[in-house]
Each structure stands twice: as structure tokens, then as C-alpha cells.
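work-v6.csv follows (CSV, C-alpha atoms):
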```
chain,number,residue,atom,x,y,z
A,73,MET,CA,93.2,9.5,55.8
A,74,LYS,CA,91.2,10.8,58.8
A,75,LEU,CA,88.3,8.7,57.7
A,76,GLN,CA,90.5,5.6,57.5
A,77,LYS,CA,91.9,6.3,61.0
A,78,LYS,CA,88.4,6.8,62.4
A,79,THR,CA,87.3,3.5,60.8
A,80,TRP,CA,90.2,1.6,62.5
A,81,LEU,CA,89.4,3.2,65.8
A,82,ILE,CA,85.8,2.0,65.5
A,83,VAL,CA,87.0,-1.5,64.6
A,84,LEU,CA,89.4,-1.7,67.5
A,85,GLY,CA,86.7,-0.4,69.8
A,86,CYS,CA,84.3,-3.1,68.7
A,87,LEU,CA,87.0,-5.8,69.1
A,88,PHE,CA,87.7,-4.5,72.6
A,89,PHE,CA,84.1,-4.4,73.5
A,90,ALA,CA,83.6,-8.0,72.2
A,91,ALA,CA,86.6,-9.2,74.2
A,92,VAL,CA,85.2,-7.6,77.4
A,93,ILE,CA,81.8,-9.2,76.8
A,94,THR,CA,83.4,-12.6,76.1
A,95,LEU,CA,85.7,-12.6,79.2
A,96,GLY,CA,82.8,-11.4,81.3
A,97,GLY,CA,80.6,-14.2,80.1
A,98,ILE,CA,83.3,-16.7,80.8
A,99,LYS,CA,83.8,-15.3,84.3
A,100,LEU,CA,80.0,-15.4,85.0
A,101,TYR,CA,79.8,-18.9,83.7
A,102,ARG,CA,82.6,-20.1,86.0
A,103,VAL,CA,80.9,-18.3,89.0
A,104,LYS,CA,77.6,-20.0,88.1
A,105,GLN,CA,79.3,-23.4,87.9
A,106,ALA,CA,81.0,-22.9,91.2
A,107,ARG,CA,77.8,-22.0,92.9
A,108,GLN,CA,75.6,-24.6,91.3
A,109,SER,CA,74.9,-27.5,93.7
A,110,GLY,CA,74.5,-31.0,92.4
A,111,ILE,CA,74.5,-34.8,92.7
A,112,LEU,CA,77.2,-37.4,92.4
A,113,LEU,CA,75.3,-40.4,91.1
A,114,ALA,CA,77.1,-43.8,91.1
A,115,PHE,CA,76.5,-47.5,90.4
A,116,ASP,CA,78.7,-50.1,92.1
A,117,ASP,CA,80.0,-53.6,91.3
A,118,TYR,CA,79.8,-54.6,87.7
A,119,ASN,CA,76.5,-54.8,85.8
A,120,ALA,CA,77.7,-53.7,82.4
A,121,ASP,CA,74.7,-54.9,80.3
A,122,ASN,CA,72.2,-53.3,82.7
A,123,TRP,CA,74.1,-50.0,83.0
A,124,SER,CA,74.8,-49.6,79.3
A,125,SER,CA,71.1,-50.2,78.4
A,126,TYR,CA,70.3,-46.9,80.3
A,127,PHE,CA,72.9,-44.7,78.6
A,128,ASP,CA,70.2,-43.1,76.4
A,129,LEU,CA,68.1,-42.4,79.5
A,130,PHE,CA,71.1,-40.7,81.2
A,131,ASP,CA,71.6,-38.6,78.0
A,132,GLU,CA,67.9,-37.7,77.9
A,133,TYR,CA,68.2,-36.1,81.3
A,134,GLY,CA,71.7,-34.8,81.0
A,135,VAL,CA,72.9,-37.1,83.7
A,136,LYS,CA,76.6,-38.1,84.1
A,137,VAL,CA,77.3,-41.2,86.2
A,138,THR,CA,80.4,-42.7,88.0
A,139,PHE,CA,80.5,-46.5,87.5
A,140,PHE,CA,82.6,-48.1,90.3
A,141,VAL,CA,83.7,-51.3,88.6
A,142,ASN,CA,85.1,-54.6,89.9
A,143,SER,CA,87.6,-55.8,87.3
A,144,PHE,CA,91.3,-56.4,86.9
A,145,GLU,CA,91.5,-54.3,83.7
A,146,PRO,CA,89.3,-52.0,81.6
A,147,THR,CA,86.5,-53.7,79.7
A,148,ASP,CA,84.6,-52.7,76.6
A,149,PHE,CA,81.9,-51.2,78.9
A,150,CYS,CA,84.6,-48.9,80.5
A,151,TYR,CA,85.6,-47.4,77.2
A,152,GLU,CA,82.0,-47.0,76.1
A,153,ALA,CA,81.0,-45.3,79.4
A,154,VAL,CA,83.9,-42.8,79.1
A,155,GLU,CA,83.1,-42.1,75.5
A,156,ARG,CA,79.5,-41.2,76.6
A,157,GLY,CA,80.9,-38.7,79.2
A,158,HIS,CA,80.7,-40.9,82.3
A,159,GLU,CA,83.5,-41.8,84.8
A,160,ILE,CA,85.0,-45.1,85.6
A,161,GLY,CA,85.7,-45.3,89.3
A,162,TYR,CA,87.2,-48.3,91.0
A,163,HIS,CA,85.6,-50.8,93.4
A,164,GLY,CA,88.6,-53.2,93.5
A,165,ALA,CA,89.7,-56.1,91.3
A,166,TYR,CA,87.1,-58.1,93.2
A,167,HIS,CA,84.6,-57.2,95.9
A,168,LEU,CA,87.2,-57.1,98.7
A,169,LYS,CA,86.3,-56.1,102.3
A,170,ALA,CA,89.2,-53.8,102.8
A,171,THR,CA,89.1,-53.8,106.6
A,172,GLU,CA,89.6,-57.6,106.7
A,173,ALA,CA,92.2,-57.7,103.9
A,174,THR,CA,96.0,-58.2,104.2
A,175,PRO,CA,98.3,-55.4,103.0
A,176,GLU,CA,99.2,-57.7,100.1
A,177,GLU,CA,95.6,-58.0,99.1
A,178,ILE,CA,95.1,-54.3,99.3
A,179,GLN,CA,98.1,-53.7,97.1
A,180,SER,CA,97.1,-56.3,94.4
A,181,ALA,CA,93.4,-55.7,94.4
A,182,VAL,CA,93.1,-51.9,95.0
A,183,ILE,CA,96.4,-50.2,94.2
A,184,ASP,CA,98.2,-52.2,91.5
A,185,PRO,CA,95.3,-52.1,89.0
A,186,ILE,CA,95.6,-48.2,88.8
A,187,GLU,CA,98.6,-48.6,86.6
A,188,THR,CA,97.0,-51.4,84.5
A,189,PHE,CA,94.0,-49.2,83.8
A,190,ARG,CA,96.2,-46.1,83.1
A,191,GLU,CA,98.3,-48.1,80.6
A,192,LYS,CA,95.1,-49.0,78.8
A,193,GLY,CA,93.7,-45.5,78.7
A,194,ILE,CA,91.5,-45.2,81.8
A,195,GLU,CA,92.5,-43.0,84.7
A,196,LEU,CA,91.2,-44.3,88.1
A,197,THR,CA,91.1,-41.4,90.5
A,198,THR,CA,88.1,-42.3,92.7
A,199,PHE,CA,87.7,-45.5,94.8
A,200,ALA,CA,84.5,-46.7,96.5
A,201,TYR,CA,84.9,-49.1,99.4
A,202,PRO,CA,83.1,-52.4,98.9
A,203,TYR,CA,80.6,-52.9,101.6
A,204,GLY,CA,81.4,-49.3,102.7
A,205,SER,CA,84.1,-50.9,104.8
A,206,TYR,CA,87.0,-48.6,105.7
A,207,ASP,CA,89.0,-47.1,108.6
A,208,GLN,CA,91.3,-44.1,109.0
A,209,ASN,CA,94.5,-46.0,108.3
A,210,LEU,CA,93.1,-47.3,105.0
A,211,ASN,CA,92.0,-43.7,104.1
A,212,GLU,CA,95.4,-42.4,104.7
A,213,GLN,CA,97.1,-45.1,102.7
A,214,LEU,CA,94.7,-45.0,99.7
A,215,LEU,CA,94.6,-41.2,99.5
A,216,ASN,CA,98.2,-41.6,98.3
A,217,HIS,CA,96.9,-43.3,95.2
A,218,TYR,CA,93.4,-41.9,94.7
A,219,LYS,CA,92.1,-38.4,94.9
A,220,VAL,CA,88.7,-39.3,96.5
A,221,LEU,CA,87.5,-42.3,98.5
A,222,ARG,CA,83.8,-43.0,98.9
A,223,GLY,CA,81.9,-44.6,101.7
A,224,ALA,CA,78.4,-46.1,101.6
A,225,TYR,CA,76.6,-45.6,104.8
A,226,TYR,CA,74.7,-42.3,104.9
A,227,TYR,CA,73.7,-39.1,103.3
A,228,ASP,CA,75.9,-36.0,103.9
A,229,LEU,CA,76.4,-32.7,102.2
A,230,HIS,CA,79.9,-31.9,101.0
A,231,SER,CA,81.4,-28.8,99.5
A,232,LYS,CA,82.9,-29.1,96.0
A,233,ALA,CA,86.3,-28.5,97.7
A,234,ASP,CA,85.9,-31.7,99.6
A,235,LEU,CA,85.8,-33.6,96.2
A,236,ARG,CA,89.3,-32.5,95.3
A,237,HIS,CA,91.0,-34.8,97.8
A,238,GLY,CA,89.5,-36.7,100.7
A,239,PHE,CA,86.8,-39.0,101.9
A,240,VAL,CA,83.0,-38.6,101.2
A,241,GLU,CA,80.0,-40.5,102.4
A,242,SER,CA,77.2,-41.7,100.2
A,243,TYR,CA,73.5,-42.5,100.4
A,244,SER,CA,72.0,-45.7,99.0
A,245,LEU,CA,69.1,-45.5,96.6
A,246,ASP,CA,68.6,-49.3,96.7
A,247,ASN,CA,65.1,-50.5,96.8
A,248,ILE,CA,65.8,-52.5,100.0
A,249,ASN,CA,66.4,-49.3,101.9
A,250,HIS,CA,63.0,-47.7,100.9
A,251,ALA,CA,59.8,-49.7,101.8
A,252,SER,CA,57.6,-47.8,99.4
A,253,ASP,CA,57.8,-45.3,96.5
A,254,GLU,CA,56.3,-42.7,98.9
A,255,GLU,CA,59.1,-43.2,101.4
A,256,TYR,CA,61.7,-43.0,98.6
A,257,GLU,CA,60.3,-39.9,97.1
A,258,ALA,CA,60.1,-38.2,100.5
A,259,SER,CA,63.8,-39.0,101.1
A,260,ILE,CA,64.9,-37.7,97.7
A,261,THR,CA,62.8,-34.6,98.0
A,262,ARG,CA,64.3,-33.8,101.4
A,263,ILE,CA,67.9,-34.4,100.2
A,264,LEU,CA,67.5,-32.4,97.0
A,265,SER,CA,65.7,-29.6,98.7
A,266,GLU,CA,68.6,-29.2,101.2
A,267,LEU,CA,71.1,-29.3,98.3
A,268,SER,CA,69.2,-26.6,96.5
A,269,ASP,CA,69.3,-24.4,99.6
A,270,ASN,CA,73.1,-24.6,99.8
A,271,VAL,CA,75.5,-22.9,97.4
A,272,GLY,CA,78.0,-25.1,95.7
A,273,ALA,CA,77.1,-28.2,97.7
A,274,VAL,CA,77.1,-31.8,96.5
A,275,ALA,CA,75.7,-35.1,97.7
A,276,SER,CA,76.8,-38.6,96.7
A,277,LEU,CA,74.0,-41.1,95.9
A,278,TYR,CA,74.5,-44.7,94.7
A,279,SER,CA,72.8,-48.0,93.7
A,280,HIS,CA,74.0,-51.1,92.0
A,281,ALA,CA,71.7,-51.7,89.0
A,282,ILE,CA,68.4,-50.4,87.6
A,283,SER,CA,65.8,-53.0,88.2
A,284,TYR,CA,63.3,-54.3,90.8
A,285,GLY,CA,65.7,-56.3,93.0
A,286,ASP,CA,66.7,-55.4,96.6
A,287,TRP,CA,70.1,-54.1,95.6
A,288,CYS,CA,68.8,-52.0,92.7
A,289,VAL,CA,66.8,-48.9,92.1
A,290,THR,CA,63.8,-49.0,89.8
A,291,GLU,CA,63.7,-47.0,86.6
A,292,GLU,CA,60.7,-45.1,87.9
A,293,ARG,CA,62.5,-44.1,91.1
A,294,LEU,CA,65.5,-43.0,89.1
A,295,ILE,CA,63.4,-40.8,86.8
A,296,PHE,CA,61.8,-39.2,89.9
A,297,LEU,CA,65.3,-38.3,91.0
A,298,PHE,CA,66.2,-36.9,87.6
A,299,GLU,CA,63.0,-34.8,87.3
A,300,LYS,CA,63.2,-33.5,90.9
A,301,ALA,CA,66.9,-32.5,90.3
A,302,ASP,CA,65.9,-30.7,87.1
A,303,GLU,CA,63.0,-28.9,88.9
A,304,LEU,CA,65.4,-27.6,91.6
A,305,GLY,CA,68.2,-26.7,89.1
A,306,LEU,CA,70.7,-29.3,90.3
A,307,LYS,CA,73.4,-30.7,88.1
A,308,PHE,CA,74.7,-34.2,87.9
A,309,TYR,CA,78.5,-34.4,88.3
A,310,THR,CA,81.1,-37.1,88.0
A,311,PHE,CA,83.7,-37.3,90.8
A,312,GLN,CA,86.5,-36.6,88.4
A,313,GLU,CA,84.8,-33.5,87.1
A,314,LEU,CA,85.0,-31.9,90.6
A,315,GLN,CA,88.7,-33.1,91.0
A,316,LYS,CA,89.9,-30.7,88.3
A,317,ASP,CA,91.6,-27.5,89.1
```

Rewritten as C-alpha cells:
Amino acid sequence: MKLQKKTWLIVLGCLFFAAVITLGGIKLYRVKQARQSGILLAFDDYNADNWSSYFDLFDEYGVKVTFFVNSFEPTDFCYEAVERGHEIGYHGAYHLKATEATPEEIQSAVIDPIETFREKGIELTTFAYPYGSYDQNLNEQLLNHYKVLRGAYYYDLHSKADLRHGFVESYSLDNINHASDEEYEASITRILSELSDNVGAVASLYSHAISYGDWCVTEERLIFLFEKADELGLKFYTFQELQKD
């Protein structure tokens, strides 16, 4: 009887120890996640064939992307992107310059489609202003419908808390903004080095497609970004990922 009791005490002790280790591991993982800085990579407009052709490259480097689409309702690309672990953000039903739009246009092109997408299985929680065109009144209005609004003018560091609700700026990776590969690589190295020096910081970067045109980023430049981020221990987040409690 004493041996049986001793055996049960050993079993309970082992279970308790395992629970402590498990809970401790979960806590450490959450702390690490909160402290890990990273990148919000996005592509704007609607270049579905181009974007989807690089899904495997994103997987290879563990990169998650937010695609800010122009469409009135979800497309096959939207569902495929979400299935691959990416986010569908919104760029308007069409490429509307919000600061020159009427209230009716804002309602029909930016707000009403939220429900259409939701009914068809896609939650829109992040909006990127076309042309980066916004003002404070628009921010106040649209933050009643979206969790995060994104600009398009410059690089800025944000805390992860900023991504729960509010406005963030974004830095363009487009080829037109970098005269040479050397200039591009110097900019990316500076941005990512600053990110890695700050705890729990994020920076928003975007382009439109992966190619050699002006409003694109080349595959080679994108891979440089991926490899530099990996070298510095930076993670790629979607906007929605940082909006969770």
C-alpha cells in the first residue's frame, strides 16, 4: 500500500513538473514574440497573377504578406492568399483618391465593401490609402470601420501596440525610388538595422508587384530584404496578426 502511494506521488510530481515546464515555455514564447521586431510587407493594387506566382518564394523565406486589393468583392486570389497564411487588406473598390472623394464615394468604395467581403468569408481590418492620400478627418471616420489605416510616404518605426488601432506610415520599395541596387541595399540595411536595435518594433514596407518596372520591386531586391531580415532575426508579420489581443 505504501509502495502504491509512493508511486502515485511520483506520478503526480512528474505531472506537476511537466505542467510547470509547459506553462513556462508558453510564457517565454509569448515574451519572445512580444519582443521580436519585424516587418509588415505589403503589395498594393491588384496584380493577382504576379503575386500568386511568388507564393512559393514567400514560403521559402517564411514571409507573410498583406495584399491590399482593389476589388468590389473577394476573388479567387483572395481566398488562395488567406489559405497560404497571408492577409487581404483593402485599397478600395477602385483606386480612389480619398481626399478628393465625396462622402458618398467613400461610403460606397471604402466602407460598404467591408460587409460584402465579410459575408463571403474575408475580414477586412486594414486599409491602405490609394496614392497615400489622407487627412485627419478621413482617419477619424475610417477608424470606425478599420482597425489600422496605412499611409505611403515614408519610413517610420512603430511599436506593436500602434498596430492594434490607428494610422501607420509606410516606406516604398518600388524601383523608381531607388536609383541603383546599391542605394536600395543601403536603405534596407539602415532600416532593418534600426529595427533590430529596438525591442518589439515594426516597420511597414510596400511595393506593387515583383518585376523590373518603375512601380515594382525586383525579385533580387526582395530576396535581399528577406535574407537581411533573416540575418538580423526579424520576423515578417501581417497587419491582422498584430491586431489580435

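The gap separating CA of Ala273 (chain A) from CA of Leu229 (chain A) is 6.4 Å, in Å to one decimal.
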
Check: Leaving out region 233-244 of chain A and any residue of its chain fewer than 5 positions from it, which residues lie within 10 Å of it when counting all atoms listed in the file, given as a VMD selection string?
Finding: chain A and resid 112 to 115 197 to 200 204 208 211 to 212 214 to 216 218 to 228 249 to 250 263 272 to 280 287 to 289 311 to 317

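Our summary of the geometry notes that CA of Ser259 (chain A) is positioned 12.3 Å from CA of Asn247 (chain A).
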
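Shell of Ile194 (chain A) at 10 Å, with all atoms listed in the file counted and residues fewer than 5 places along the chain excluded, is Glu145, Pro146, Cys150, Tyr151, Val154, Glu159, Ile160, Gly161, Ile186, Glu187, Thr188 and Phe189 of chain A.
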
Margin query: Between A:Leu294, A:Tyr133, A:Arg156, A:Thr310, which residue has the minimum interatomic distance to Ile260 (chain A), considering only C-alpha atoms?
Written below: A:Leu294

Item checked: A:Ala281, A:Leu304, A:Ala153, A:Leu297 ranked by distance to Asp269 (chain A), top pick (using all atoms listed in the file) -> A:Leu304

Item checked: Nearest to Val137 (chain A), chosen from A:Leu210, A:Ser125, A:Ile111, A:Ser252, with all atoms listed in the file counted in the distances -> A:Ile111

Notebook entry, point to check: Which residues, written as number ranges by chain, have at least one atom at most 7 Å from Ser268 (chain A), with all atoms listed in the file counted and residues fewer than 3 positions away on the same chain left out?
Noted result: A: 109, 264-265, 304, 306

Next item on the list: Have a look at CA of His217 (chain A) and CA of Ala181 (chain A) and let me know their distance in Å, one decimal.
Entry: 12.9 Å
